[in-house]
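*Asks:* Attaching a single structure in structure tokens format; questions to follow.
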Amino acid sequence: MKRNSYLFLTMMLLPAALTAQNTDGQRRIVTDSTQTLMTDTTFLLHDITVSTSLPRTKLKAGALVTRILGSVLGQSGTAYEMLGKVPGMRQRGETLEVIGKGAPLFYLNGRKLNDVEELKRLRSEEVLDVEVINNPGAQYDATVSAVVRISTRRPQGEGFGFDLSAQHNQDIRYAINADPSATLNLNYRHKGLDLFGMINGWTSHTQQISTADQHIYTSHNDNRQVGGGESRFAGSGMNYALGANWMASEKHSMGFRLQLDKMLSSKESIALDEDIYNNGVFFQQIHSMTNTISRLPLGYNLNTYYNGQWGKLSVDWNFDWHRKGGTEEMEGEAGTVRSSNHASSNLLATKLVLNYPLWKGLLSAGTEMTWISRDIDYRINKEYIANSQSNTHEDTYSGFIEYSANMGIYGSLKAGVRYERVVFDYKNILDPKGDVLDTRHGLYPSLAYSLSLHGVDLSISYAIKTIRPVFFHLNDATTYASPSILMQGNSQLRNQIRHEMGINVRWQWMSGAVNFVQNDHQISQWTYPYVDDNVPVEQGVIVYRRINLPVPVRTLVTFVNASPTFGCLTMNYTLGYQQQFLTMMLDDPRVNGKRHQSFNDPIFFGSANNTLRLPHEWQLECNLNANTPGHVNNYRLMTWTFGLNAVVQKQLLRDKALTLRLSLNDILYHTGEDLIL
């Protein structure tokens with residue numbers, strides 16, 4: 001797959017707030033007690049400048065905590081760009097990952113982010129610190145293997161304030177796909193009340209060019225399909241948010257945030273050209289063009305919270321509601337294939353955490369409950385694919401208890417256990433024989449020990465996690481992707497069980513980790529020949545289907561990060577190694593029916609982020625990410641991938657209120673992946 005080079009031009013106008021005045025006419029400075037942990041801060045006291053410098057990354061209760069405010073990471077454009085440079089994390093393609101654990105669950109000021117795009121609308125200058133947790137305890141859902149908690153600095157001053165950011169992304173290889181976007185944030189603060197609003201407008205164009213070589217072997221036929229494809233997406237939309245935070249007293253605060261998402265336009269086109277051969281003899285050529293138009297009404301996202309202190313008992317409560325839906329209409333093969341897919345979903349979730357100091361530590365207990373419903377109505381005019389209509393409910397009930405003990409010079413210990421009960425109710429409206437009612441229980445313990453010795457911080461952890469199949473993976477219905485590819489769920493999928501063990505180490509400006517994971521019943525994607533009386537076997541149609549791998553998958557991941565600063569140059573280097581241990585017996589009619597296949601080739605990966613701060617508020621960046629070939633699950637990366645980015649940044653106006661940022665991404669045009677599945 002090939003992705004395009006993009007040129008990013010970002011303009012950020014930092015907060016311009018009306019501040020209250022003291023009786024002596026001087027500006028009132030509002031401080032935040034948490035800022036005493038700042039790494040590089042400067043305080044102005046009657047024309048005397050005092051600078052402080054503290055370690056930027058520390059190991060705290062098994063998590064890597066990196067101070068962003070006052071460091072070069074606080075001048076990294078958006079929070080999304082910044083997070084890929086935080087120790088313990090990396091950006092792989094368009095995905096942010098915690099090294100060795102995959103995509104994390106993000107929290108922003110204690111609020112769970114259901115839309116990662118929100119990080120692209122948050123400026124790195126606003127971020128106070130980032131906590132990377134690669135062994136989440138019992139407080140988090142058992143499906144979560146990594147958590148990233150982001151804290152922003154408290155707004156200063158009173159009165160009205162705003163900030164504006166604008167960005168333009170331009171594909172410079174093809175001179176197409178111009179994507180402007182802009183975000184306006186508004187605030188009004190008075191005493192303990194903070195009212196805020198946000199308006200964001202965006203456009204998005206993506207282009208993916210791929211080639212494919214597909215083989216299907218049977219006892220009497222060797223079917224081969226060779227060709228290429230190109231997919232393009234064009235869309236635009238608006239996001240609106242409003243909310244309030246109210247600090248009623250020093251011990252009680254509450255608030256809400258409502259976001260409305262509106263897709264103004266969405267169109268995807270896929271062009272595919274394939275030559276089909278059977279036993280080396282040309283059979284036919286397929287040219288396929290599909291166009292999909294999506295019509296999406298307003299999506300709603302509501303979060304409310306309460307934080308309180310009642311004597312020694314602290315209370316943290318959150319409630320979330322999400323509603324979205326829409327209709328996708330697809331037309332392909334010159335109008336001979338038409339389908340429509342109408343889907344709507346609704347989510348209600350609540351979480352309560354109680355903390356109470358006990359003996360030498362803190363006792364935490366609580367509950368988390370989630371109710372999800374989804375309706376799907378899929379219609380297609382292909383005789384060999386059945387229409388489907390379903391109603392799905394998935395209800396999760398959880399309870400947890402956790403104790404953290406501080407044992408002084410002997411370190412700290414955290415132990416907890418979480419219980420989850422999941423009720424899955426799938427109703428096939430058109431064929432009641434396909435109904436599925438399933439209840440799954442699970443007990444998930446976790447244990448972590450931390451110690452600081454002679455300037456070295458160390459933590460050791462173990463946890464049992466799970467990955468449950470999402471409801472569209474449990475749907476046996478077949479959907480159309482192209483003339484040669486169909487997609488299908490699997491109602492018989494089992495839960496994937498993960499045993500996770502990890503060691504984290506930090507010393508001065510160096511940190512590292514070793515993680516070992518064993519996955520039982522791993523959920524993966526597999527391919528099968530499609531058998532149907534209406535489809536000739538010579539056409540070579542395959543089905544992509546989710547299965548549980550029959551043997552455990554074991555993976556070892558280790559990395560080391562160094563983040564030194566020499567004068568005006570800050571370096572952030574990561575080098576890592578990933579080794580998978582997986583061997584399976586596969587069906588293969590070419591070798592008397594069976595063969596052994598190993599998926600054990602290791603992958604080396606690394607990143608080198610360099611930031612040079614120059615006089616007059618200039619900043620230069622050069623960032624490189626690289627991966628070697630190797631195996632992941634049941635596919636293999638065949639080639640090296642490189643991502644080279646360069647940035648020029650200039651800050652202007654009083655208090656650095658205006659930031660101009662120009663970045664050139666994927667300079668080598670080598671982030672595309674060559675895969676064998």
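Scheme for the structure tokens: letters A, B, ... for chains in order shown; per-chain residue numbers from 1; ligand numbers from 1 in order shown.
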Might you pull out every residue within 12 Å of Thr95 in chain A, with only C-alpha atoms counted and same-chain residues fewer than 6 positions away left off, and present them as a list in words?
*Replies:* Tyr80, Glu81, Leu83, Gly84, Met89, Gly102, Ala103, Pro104, Val116 and Glu117 of chain A
*Asks:* For the selection you just gave me, I'd like the residues written to a file as a compact mmCIF listing (two decimals), in the first residue's frame, keeping N, CA and C atoms.
*Replies:*
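Final output, result_15.txt:
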```txt
# COMPACT_ATOMS: atom_id res chain seq x y z
N TYR A 80 -1.86 15.18 18.85
CA TYR A 80 -1.70 13.94 18.10
C TYR A 80 -0.27 13.79 17.61
N GLU A 81 0.30 14.87 17.05
CA GLU A 81 1.69 14.83 16.61
C GLU A 81 2.63 14.61 17.79
N LEU A 83 2.11 13.10 20.72
CA LEU A 83 2.03 11.82 21.41
C LEU A 83 2.93 10.77 20.76
N GLY A 84 3.14 10.85 19.46
CA GLY A 84 4.01 9.89 18.79
C GLY A 84 5.47 10.01 19.21
N MET A 89 5.71 5.47 23.47
CA MET A 89 4.72 5.49 22.40
C MET A 89 5.41 5.64 21.05
N GLY A 102 -0.10 -2.01 21.50
CA GLY A 102 -1.04 -1.60 20.48
C GLY A 102 -1.74 -0.29 20.80
N ALA A 103 -2.86 -0.07 20.11
CA ALA A 103 -3.60 1.18 20.27
C ALA A 103 -4.15 1.30 21.68
N PRO A 104 -3.94 2.43 22.37
CA PRO A 104 -4.39 2.57 23.75
C PRO A 104 -5.78 3.17 23.85
N VAL A 116 -10.68 9.77 18.64
CA VAL A 116 -9.26 10.15 18.70
C VAL A 116 -9.00 11.41 17.88
N GLU A 117 -9.89 11.74 16.94
CA GLU A 117 -9.71 12.96 16.16
C GLU A 117 -9.68 14.20 17.04
```
*Asks:* Identify all residues of range 165-386 of chain A in strand (DSSP E) (DSSP on the backbone) and supply them as a PyMOL selection string.
*Replies:* chain A and resi 165-171+179-190+193-217+222-249+252-278+281-295+299-310+313-332+337-358+361-380
*Asks:* List every residue of range 576-675 of chain A that has an atom at most 10 Å from any atom of range 524-542 of chain A, giving for each one its closest atom pair and the distance in Å to one decimal, counting only C-alpha atoms, sorted by chain and then by ascending residue number, as CSV.
*Replies:*
```
residue,atom,partner,partner_atom,distance
A:Asn633,CA,A:Ser524,CA,7.5
A:Asn634,CA,A:Ser524,CA,7.7
A:Tyr635,CA,A:Gln525,CA,9.7
```
*Asks:* Dump N, CA, C and O atoms for the selected residues as a tab-separated table (two decimals), in the first residue's frame?
*Replies:*
```
chain	number	residue	atom	x	y	z
A	633	ASN	N	1.05	-11.60	13.82
A	633	ASN	CA	-0.08	-12.52	13.70
A	633	ASN	C	0.15	-13.46	12.51
A	633	ASN	O	1.21	-14.04	12.38
A	634	ASN	N	-0.82	-13.57	11.59
A	634	ASN	CA	-0.68	-14.49	10.48
A	634	ASN	C	-0.38	-13.76	9.16
A	634	ASN	O	-0.73	-14.22	8.08
A	635	TYR	N	0.32	-12.61	9.26
A	635	TYR	CA	0.81	-11.98	8.04
A	635	TYR	C	2.23	-11.50	8.25
A	635	TYR	O	2.73	-11.40	9.36
```
*Asks:* My list of candidates is A:Glu621, A:Asp179, A:Asp115, A:Glu394. Which is closest to Tyr300 in chain A when distances are computed with only C-alpha atoms?
*Replies:*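 Using only C-alpha atoms, the shortest distance to Tyr300 in chain A belongs to A:Asp115.
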*Asks:* With 9 Å as the cut-off and only C-alpha atoms counted, what is the closest atom pair between each nearby residue of range 105-194 of chain A and range 493-507 of chain A? Distances in Å to one decimal, ordered by chain and number, as a tab-separated table.
*Replies:*
```
residue	atom	partner	partner_atom	distance
A:Asn134	CA	A:Gly502	CA	8.2
A:Asn135	CA	A:Gly502	CA	7.6
A:Ser145	CA	A:Glu500	CA	8.4
```
*Asks:* Which value, in Å to one decimal, gives the distance between CA of Lys465 in chain A and CA of Lys112 in chain A?
*Replies:*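 Separating CA of Lys465 in chain A from CA of Lys112 in chain A is a distance of 19.2 Å.
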*Asks:* For Asp431 in chain A, which residue among A:Ile133, A:Ala386, A:Ile460, A:Val147 is the nearest when counting only C-alpha atoms?
*Replies:*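 Of all the options, A:Ala386 lies closest to Asp431 in chain A.
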*Asks:* Which one is closest to Val557 in chain A: A:Ile99, A:Leu575, A:Ile380, A:Ile464? Count only C-alpha atoms.
*Replies:* A:Ile99
*Asks:* Let me make sure I understand: among A:Glu250, A:Asp375, A:Asp222, A:Glu230, which one has the smallest atom-to-atom distance to Val281 in chain A if we use only C-alpha atoms?
*Replies:* A:Asp222
